[in-house]
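One structure is given here, and the rest of the page talks about it.
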Amino acid sequence: MATRTDSESGPDNRTTNTITTTNNPAQVAAPPIYHLSFNQNHTCFSVGLQNGFRVFDADPFKPSFSRESDTHGGIGLVAMLYRSNLFCLVGGGPNPIYPVNKVMVWDDHAFQCIGELSFRSEVKNVKIRRDMIVVVLNQKIYIYNFLDLKLLLQIETDLNPNGLCEISQNSSPMVLVSLGLKEGQIRVEDFGSKKSKFVMAHDSRVVCMSLTQDGRLLATASTKGTLIRIFNTLDGTRLQEVRRGADRAGIHSLAFSSNAQFLAVSSDKGTVHIFSVKVDSGSLASLTYDRSHVASDTIHSILSSFSLFKGVLPKYFSSEWSVAQFRLPEGLRHFVVFGNQKNTIVIIGMDGSFYRCEFDPVAGGEMIQLEYHNFLNVENF
């Protein structure tokens with residue numbers, strides 16, 4: 001794999017910093033976390049730190065391995081390709097190991113970088129699958145072939161400070177979802193049909209999104225953080241709308257279950273919500289959405305008791321509410337995915353917290369905490 005400099009790049013200054021193994025990752029108490037992310041099937045999560053990165057198994061929880069930089073440089077972004085030896089790394093923090101405008105392709109078997117992508121501006125996010133690398137900048141997205149780092153496509157977006165972008169993993173060709181060209185708009189790029197669709201998802205700026213593994217369902221949230229909307233990416237149809245709450249909230253993560261029956265939402269309000277998804281993702285290609293299905297399905301949803309007064313009371317009272325909830329400390333950034341066991345979720349926090357919880361999809365209510373760890377204090381790598 002070769003080094004590549006894209007069309008926006010400046011001079012290509014080859015980075016020579018390396019990362020080494022360690023058996024003692026706890027060099028300092030509670031090191032600052034620069035990045036947290038799950039891999040594509042949520043079996044692992046990666047942590048970017050001030051002196052390298054660590055990888056943990058998510059379910060069951062256990063340390064996997066730790067890599068420390070020989071120059072104690074920070075890692076601001078880690079994208080892991082399933083459980084393989086391949087990673088995409090971006091420097092971060094006050095002393096980044098790599099420039100923040102470069103994506104380094106790290107081979108953990110060879111313990112070295114085998115390729116790099118260089119840009120003129122800071123890299124906001126990286127998404128990878130077995131055949132492609134997607135690099136997100138503040139107003140542009142670049143798609144590369146993974147094998148030879150050949151540039152395949154460039155996409156213009158609205159301002160994207162959070163690096164929002166989602167790609168399908170199980171479908172081929174790929175489906176990519178990003179911000180559109182104006183506030184509240186999303187763009188769906190279908191690599192099979194080679195067509196782009198633009199959908200007005202919200203009246204305000206989109207701040208979070210999630211895509212099912214097959215790329216057919218998309219969930220979005222805006223700066224208001226009160227409503228979560230689910231769309232059919234095949235034609236841009238809005239399929240469902242659920243309510244997180246009445247007060248504004250910062251949505252930190254959205255995640256579909258592997259069978260696309262549930263959607264998990266975490267926010268700065270300190271609550272994780274589980275919603276029932278009312279769409280059969282296997283039949284979306286010929287879907288004619290029946291709105292009565294949402295109203296009649298009372299087993300997997302909790303609707304307001306004021307639903308009889310729709311048209312009289314505000315829309316808030318007839319909204320679809322979450323099936324289950326779990327309480328967390330307010331104000332902290334947490335990320336949620338569904339666990340390997342049925343009706344379980346895994347939550348990781350920027351404070352080093354790890355939770356595994358179980359929810360009842362029929363009875364609903366508060367989830368049961370099954371497990372807790374502080375992964376910053378784990379030393380037995």
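We label chains A, B, ... in the order they appear in the structure tokens, count residues from 1 in each chain, and number ligands from 1 in the order shown.
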Helix (DSSP H, G or I) call set, DSSP backbone run, stretch 75-295 of chain A, as an NGL selection string: :A and (281-286 or 291-295)
Shell around A:Gly92 at 7 Å using only C-alpha atoms, local window under 3 positions removed, as a PyMOL selection string: chain A and resi 34+74-76+95-96+100
Could the residues in this selection be saved with N, CA and C atoms as a compact mmCIF listing (two decimals), in the first residue's frame?
```txt
# COMPACT_ATOMS: atom_id res chain seq x y z
N TYR A 34 -9.16 10.98 23.91
CA TYR A 34 -9.35 11.83 22.74
C TYR A 34 -10.36 11.24 21.76
N GLY A 74 -0.31 11.82 20.83
CA GLY A 74 -1.72 11.53 21.00
C GLY A 74 -2.37 10.99 19.73
N ILE A 75 -3.39 10.15 19.94
CA ILE A 75 -4.21 9.60 18.85
C ILE A 75 -5.61 10.18 18.99
N GLY A 76 -6.05 10.92 17.97
CA GLY A 76 -7.35 11.58 18.03
C GLY A 76 -8.45 10.84 17.32
N ASN A 95 -0.32 17.16 21.65
CA ASN A 95 0.93 16.64 21.09
C ASN A 95 0.63 15.43 20.21
N PRO A 96 0.04 15.64 19.03
CA PRO A 96 -0.37 14.52 18.18
C PRO A 96 0.82 13.74 17.64
N VAL A 100 -2.72 16.19 12.19
CA VAL A 100 -4.18 16.03 12.22
C VAL A 100 -4.79 16.08 10.82
```
Closest-contact table, stretch 32-72 of chain A side, partner stretch 199-215 of chain A, 12 Å, counting only C-alpha atoms, as a Markdown table:
```
| residue | atom | partner | partner_atom | distance |
| --- | --- | --- | --- | --- |
| A:Gln40 | CA | A:Gln213 | CA | 8.5 |
| A:Asn41 | CA | A:Gln213 | CA | 8.5 |
| A:His42 | CA | A:Gln213 | CA | 11.2 |
```
Please dump the current selection as an mmCIF file, in the first residue's frame; keep all heavy atoms.
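Okay, out-v3.cif is ready:
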```cif
data_model
loop_
_atom_site.group_PDB
_atom_site.id
_atom_site.type_symbol
_atom_site.label_atom_id
_atom_site.label_comp_id
_atom_site.auth_asym_id
_atom_site.auth_seq_id
_atom_site.Cartn_x
_atom_site.Cartn_y
_atom_site.Cartn_z
ATOM 1 N N GLN A 40 -16.980 -2.214 13.192
ATOM 2 C CA GLN A 40 -18.164 -2.293 12.342
ATOM 3 C C GLN A 40 -19.267 -3.192 12.903
ATOM 4 O O GLN A 40 -20.456 -2.891 12.738
ATOM 5 C CB GLN A 40 -17.767 -2.777 10.938
ATOM 6 C CG GLN A 40 -16.958 -1.773 10.146
ATOM 7 C CD GLN A 40 -15.479 -1.798 10.492
ATOM 8 O OE1 GLN A 40 -15.034 -2.532 11.381
ATOM 9 N NE2 GLN A 40 -14.704 -0.991 9.793
ATOM 10 N N ASN A 41 -18.918 -4.284 13.552
ATOM 11 C CA ASN A 41 -19.947 -5.173 14.095
ATOM 12 C C ASN A 41 -20.059 -5.085 15.613
ATOM 13 O O ASN A 41 -20.678 -5.943 16.253
ATOM 14 C CB ASN A 41 -19.679 -6.617 13.661
ATOM 15 C CG ASN A 41 -18.296 -7.107 14.077
ATOM 16 O OD1 ASN A 41 -17.572 -6.427 14.798
ATOM 17 N ND2 ASN A 41 -17.939 -8.298 13.624
ATOM 18 N N HIS A 42 -19.468 -4.045 16.178
ATOM 19 C CA HIS A 42 -19.606 -3.707 17.600
ATOM 20 C C HIS A 42 -19.037 -4.767 18.528
ATOM 21 O O HIS A 42 -19.410 -4.835 19.699
ATOM 22 C CB HIS A 42 -21.086 -3.462 17.948
ATOM 23 C CG HIS A 42 -21.730 -2.423 17.085
ATOM 24 N ND1 HIS A 42 -23.102 -2.372 16.882
ATOM 25 C CD2 HIS A 42 -21.204 -1.414 16.338
ATOM 26 C CE1 HIS A 42 -23.381 -1.376 16.063
ATOM 27 N NE2 HIS A 42 -22.248 -0.775 15.728
#
```
A:Lys194 environment, 12 Å, only C-alpha atoms, sequence neighbours closer than 5 positions dropped, as a list of chain:residue names: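 Close residues of A:Lys194: A:Leu153, A:Pro173, A:Met174, A:Val175, A:Leu176, A:Val188, A:Glu189.
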Dump as a PDB file, in the first residue's frame, selection limited to C-alpha atoms:
```pdb
ATOM      1  CA  LEU A 153     -15.078  10.085  -5.503  1.00  0.00           C
ATOM      2  CA  PRO A 173     -22.011  -1.713  -3.703  1.00  0.00           C
ATOM      3  CA  MET A 174     -21.756   0.704  -0.793  1.00  0.00           C
ATOM      4  CA  VAL A 175     -24.382   3.124   0.471  1.00  0.00           C
ATOM      5  CA  LEU A 176     -22.972   6.338   1.964  1.00  0.00           C
ATOM      6  CA  VAL A 188     -27.595   9.486   0.211  1.00  0.00           C
ATOM      7  CA  GLU A 189     -24.997   8.207  -2.233  1.00  0.00           C
TER       8      GLU A 189
END
```
For A:Val242, the nearest of the candidates A:Arg229, A:Arg67, A:Lys62, A:His273, counting only C-alpha atoms: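 Using only C-alpha atoms, A:Val242 sits closest to A:Arg229.
Neighbouring residues of A:Val272 at 7 Å or closer, counting only C-alpha atoms and skipping chain neighbours under 2 positions away, are Ala264, Val265, Ser266, Ser267, Gly270, Ile274, Gln325, Phe326 and Arg327 of chain A.
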Can you write out the residues you just picked, keeping N, CA and C atoms, as a PDB file, in the first residue's frame?
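Saved result, out.pdb, follows:
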```pdb
ATOM      1  N   ALA A 264     -31.195   2.566  19.504  1.00  0.00           N
ATOM      2  CA  ALA A 264     -30.710   3.105  20.780  1.00  0.00           C
ATOM      3  C   ALA A 264     -30.233   4.536  20.585  1.00  0.00           C
ATOM      4  N   VAL A 265     -30.495   5.375  21.600  1.00  0.00           N
ATOM      5  CA  VAL A 265     -30.151   6.792  21.534  1.00  0.00           C
ATOM      6  C   VAL A 265     -29.525   7.210  22.862  1.00  0.00           C
ATOM      7  N   SER A 266     -28.353   7.868  22.807  1.00  0.00           N
ATOM      8  CA  SER A 266     -27.762   8.429  24.017  1.00  0.00           C
ATOM      9  C   SER A 266     -27.654   9.940  23.858  1.00  0.00           C
ATOM     10  N   SER A 267     -27.791  10.656  24.973  1.00  0.00           N
ATOM     11  CA  SER A 267     -27.756  12.120  24.923  1.00  0.00           C
ATOM     12  C   SER A 267     -27.079  12.677  26.157  1.00  0.00           C
ATOM     13  N   GLY A 270     -28.102  12.342  30.091  1.00  0.00           N
ATOM     14  CA  GLY A 270     -27.778  11.222  30.963  1.00  0.00           C
ATOM     15  C   GLY A 270     -28.731  10.060  30.843  1.00  0.00           C
ATOM     16  N   ILE A 274     -34.264   3.231  24.309  1.00  0.00           N
ATOM     17  CA  ILE A 274     -34.436   2.189  23.300  1.00  0.00           C
ATOM     18  C   ILE A 274     -35.815   2.358  22.670  1.00  0.00           C
ATOM     19  N   GLN A 325     -35.297   2.581  29.187  1.00  0.00           N
ATOM     20  CA  GLN A 325     -34.363   3.670  29.463  1.00  0.00           C
ATOM     21  C   GLN A 325     -33.295   3.196  30.455  1.00  0.00           C
ATOM     22  N   PHE A 326     -32.132   3.865  30.393  1.00  0.00           N
ATOM     23  CA  PHE A 326     -31.077   3.630  31.373  1.00  0.00           C
ATOM     24  C   PHE A 326     -30.474   4.974  31.740  1.00  0.00           C
ATOM     25  N   ARG A 327     -30.264   5.200  33.043  1.00  0.00           N
ATOM     26  CA  ARG A 327     -29.786   6.489  33.533  1.00  0.00           C
ATOM     27  C   ARG A 327     -28.267   6.513  33.683  1.00  0.00           C
TER      28      ARG A 327
END
```
Nearest to A:His252 by atom-to-atom distance, counting only C-alpha atoms, from A:Gly225, A:Gly352, A:Gly236, A:Gly365: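 When distances to A:His252 are compared using only C-alpha atoms, the smallest one comes from A:Gly225.
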So that I can see what lies close to A:Val55, please list as a PDB file with all heavy atoms, in the first residue's frame the residues with an atom at most 6 Å from it, counting only C-alpha atoms and leaving out residues fewer than 6 positions away in the same chain.
```pdb
ATOM      1  N   PHE A  45     -14.121  -2.081  20.811  1.00  0.00           N
ATOM      2  CA  PHE A  45     -14.069  -0.625  20.762  1.00  0.00           C
ATOM      3  C   PHE A  45     -12.646  -0.155  20.985  1.00  0.00           C
ATOM      4  O   PHE A  45     -11.837  -0.813  21.649  1.00  0.00           O
ATOM      5  CB  PHE A  45     -15.041   0.021  21.756  1.00  0.00           C
ATOM      6  CG  PHE A  45     -14.734  -0.183  23.216  1.00  0.00           C
ATOM      7  CD1 PHE A  45     -13.992   0.753  23.934  1.00  0.00           C
ATOM      8  CD2 PHE A  45     -15.237  -1.288  23.898  1.00  0.00           C
ATOM      9  CE1 PHE A  45     -13.733   0.580  25.288  1.00  0.00           C
ATOM     10  CE2 PHE A  45     -14.992  -1.464  25.254  1.00  0.00           C
ATOM     11  CZ  PHE A  45     -14.237  -0.532  25.956  1.00  0.00           C
ATOM     12  N   SER A  46     -12.326   0.989  20.372  1.00  0.00           N
ATOM     13  CA  SER A  46     -10.978   1.551  20.400  1.00  0.00           C
ATOM     14  C   SER A  46     -10.983   2.858  21.169  1.00  0.00           C
ATOM     15  O   SER A  46     -11.954   3.617  21.122  1.00  0.00           O
ATOM     16  CB  SER A  46     -10.471   1.795  18.982  1.00  0.00           C
ATOM     17  OG  SER A  46     -10.517   0.609  18.216  1.00  0.00           O
ATOM     18  N   SER A  64      -8.035  -6.153  25.022  1.00  0.00           N
ATOM     19  CA  SER A  64      -7.507  -6.889  23.879  1.00  0.00           C
ATOM     20  C   SER A  64      -6.022  -6.596  23.690  1.00  0.00           C
ATOM     21  O   SER A  64      -5.195  -7.475  23.803  1.00  0.00           O
ATOM     22  CB  SER A  64      -8.286  -6.538  22.607  1.00  0.00           C
ATOM     23  OG  SER A  64      -7.819  -7.276  21.499  1.00  0.00           O
ATOM     24  N   PHE A  65      -5.676  -5.342  23.406  1.00  0.00           N
ATOM     25  CA  PHE A  65      -4.261  -4.973  23.331  1.00  0.00           C
ATOM     26  C   PHE A  65      -4.107  -3.469  23.438  1.00  0.00           C
ATOM     27  O   PHE A  65      -5.056  -2.703  23.295  1.00  0.00           O
ATOM     28  CB  PHE A  65      -3.602  -5.496  22.052  1.00  0.00           C
ATOM     29  CG  PHE A  65      -4.179  -4.952  20.778  1.00  0.00           C
ATOM     30  CD1 PHE A  65      -3.704  -3.771  20.225  1.00  0.00           C
ATOM     31  CD2 PHE A  65      -5.187  -5.636  20.115  1.00  0.00           C
ATOM     32  CE1 PHE A  65      -4.228  -3.270  19.045  1.00  0.00           C
ATOM     33  CE2 PHE A  65      -5.718  -5.153  18.930  1.00  0.00           C
ATOM     34  CZ  PHE A  65      -5.239  -3.963  18.399  1.00  0.00           C
TER      35      PHE A  65
END
```
Secondary structure check, strand (DSSP E or B) residues of stretch 85-262 of chain A, as number ranges by chain: A: 86-91, 96, 102-107, 112-118, 125-128, 132-136, 140-145, 151-156, 165-167, 175-179, 185-190, 195-200, 206-211, 217-222, 227-232, 238-243, 251-256, 262
Pairwise distance for atom CA of A:Ile114 and atom CA of A:Gly73, rounded to one decimal in Å: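 Atom-to-atom, atom CA of A:Ile114 to atom CA of A:Gly73, that is 18.7 Å.
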A:Asn232 environment, 7 Å, only C-alpha atoms, sequence neighbours closer than 2 positions dropped, as a VMD selection string: chain A and resid 216 to 218 234 to 239
Closest of A:Val277, A:Cys44, A:Met104, A:Ile141 to A:Glu156 - atom-to-atom distances counting only C-alpha atoms: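 Looking at the shortest contact to A:Glu156, the residue is A:Ile141.
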Pairwise distance for atom CA of A:Phe191 and atom CA of A:Lys127, rounded to one decimal in Å: 15.6 Å
